[in-house]
Amino acid sequence: MKRTIIAFVALSCLLTAQPRPGSPMTPLQDRHRGSRLEMMKMWQLTERLALTEEQASKFFPRYNVLEKELIELGTEQKELFREMRKMMGEDKEVTDKELERITKKVSELEQQKIEKKLKFFEDLDEFLSPNQRARYLGFELWFKDELRRGLEERVKMGPPRIPGDWKKDMKRQKKWNEPRRW
């Protein structure tokens with residue numbers, strides 16, 4: 001129970017320390033944000049799975065390779081969706097043939113992701129106990145849910161305010177509440 005509370009507080013602190021959505025960030029800040037999130041995820045994985053040093057030395061190199069491969073496949077999927085949006089943005093009619101090609105390729109990429117995750121999970125039995133593997137299965141969903149909850153809390157706080165300048169504050173509030181496009 002104590003660990004859960006400490007993990008939640010640490011996650012909340014991490015998420016609230018980030019710049020607000022839509023605020024300008026330098027590439028260096030963006031890179032640090034990703035690395036902090038990765039470190040937080042690795043720390044949580046180590047704690048949740050109760051990994052020994054030996055297990056961690058075997059688990060994390062494989063896990064990092066898996067994450068890198070999944071990111072590459074996700075980037076390919078995003079490119080396909082960007083291509084489709086570009087076609088739609090040019091007021092061109094998306095043909096059935098183009099839509100079928102994109103849908104087929106996205107499905108293939110998704111299938112590759114599933115196969116890579118399955119192979120990774122099957123290889124875990126070499127050095128993780130069944131209990132640790134079961135915890136790993138639930139970890140990804142739990143971690144994403146914690147991130148989502150933390151982001152929801154940040155959104156509830158609203159945009160950052162500038163003390164004493166109510167006109168700028170009203171403009172920022174109006175801009176903050178505008179719907180974002182896909």
# chains A, B, ... in the order shown; residues from 1 in each chain; ligands from 1
call {"tool": "residues_around", "arguments": {"residues": "Val94 in chain A", "least_positions_apart": "4", "cutoff": "10 Å", "atoms": "only C-alpha atoms", "output": "list in words"}}
result
Met84, Arg85, Met87, Met88, Glu98 and Leu99 of chain A
call {"tool": "write_last_selection", "arguments": {"atoms": "C-alpha atoms", "output": "PDB file, in the first residue's frame"}}
result
ATOM      1  CA  MET A  84      -4.231   9.602 -46.042  1.00  0.00           C
ATOM      2  CA  ARG A  85      -4.885  12.966 -44.310  1.00  0.00           C
ATOM      3  CA  MET A  87      -4.934  13.139 -49.677  1.00  0.00           C
ATOM      4  CA  MET A  88      -8.084  14.252 -47.880  1.00  0.00           C
ATOM      5  CA  GLU A  98      -5.767   3.651 -51.913  1.00  0.00           C
ATOM      6  CA  LEU A  99      -7.862   3.107 -48.794  1.00  0.00           C
TER       7      LEU A  99
END
call {"tool": "atom_distance", "arguments": {"atom1": "CA of Lys104 in chain A", "atom2": "CA of Gly138 in chain A"}}
result
29.3 Å
call {"tool": "closest_residue", "arguments": {"among": "A:Glu115, A:Glu83, A:Phe120, A:Glu100", "to": "Asn64 in chain A", "atoms": "only C-alpha atoms"}}
result
A:Phe120
call {"tool": "residues_around", "arguments": {"residues": "range 124-134 of chain A", "least_positions_apart": "6", "cutoff": "10 Å", "atoms": "only C-alpha atoms", "output": "PDB file with C-alpha atoms, in the first residue's frame"}}
result
ATOM      1  CA  ARG A  48       6.306  -4.016  -9.758  1.00  0.00           C
ATOM      2  CA  LEU A  49       8.029  -7.152 -11.043  1.00  0.00           C
ATOM      3  CA  ALA A  50      10.397  -7.285  -8.050  1.00  0.00           C
ATOM      4  CA  LEU A  51      13.355  -7.829 -10.391  1.00  0.00           C
ATOM      5  CA  THR A  52      16.713  -8.894  -9.031  1.00  0.00           C
ATOM      6  CA  GLU A  54      20.470 -10.419 -12.606  1.00  0.00           C
ATOM      7  CA  GLN A  55      16.898 -10.463 -13.915  1.00  0.00           C
ATOM      8  CA  ALA A  56      16.994  -6.730 -14.655  1.00  0.00           C
ATOM      9  CA  LYS A  58      18.539  -9.689 -18.840  1.00  0.00           C
ATOM     10  CA  PHE A  59      15.102  -8.066 -18.971  1.00  0.00           C
ATOM     11  CA  ARG A  62      15.405  -7.078 -24.444  1.00  0.00           C
ATOM     12  CA  TYR A  63      12.641  -4.723 -23.332  1.00  0.00           C
TER      13      TYR A  63
END
call {"tool": "atom_distance", "arguments": {"atom1": "CA of Leu45 in chain A", "atom2": "CA of Tyr136 in chain A"}}
result
7.7 Å
call {"tool": "atom_distance", "arguments": {"atom1": "CA of Met157 in chain A", "atom2": "CA of Lys41 in chain A"}}
result
24.2 Å
call {"tool": "residues_around", "arguments": {"residues": "Ile71 in chain A", "least_positions_apart": "6", "cutoff": "12 Å", "atoms": "only C-alpha atoms", "output": "PyMOL selection string"}}
result
chain A and resi 64-65+77-78+109-110+112-113+116
call {"tool": "closest_residue", "arguments": {"among": "A:Leu66, A:Glu90, A:Ile102, A:Met40", "to": "Phe121 in chain A", "atoms": "only C-alpha atoms"}}
result
A:Leu66
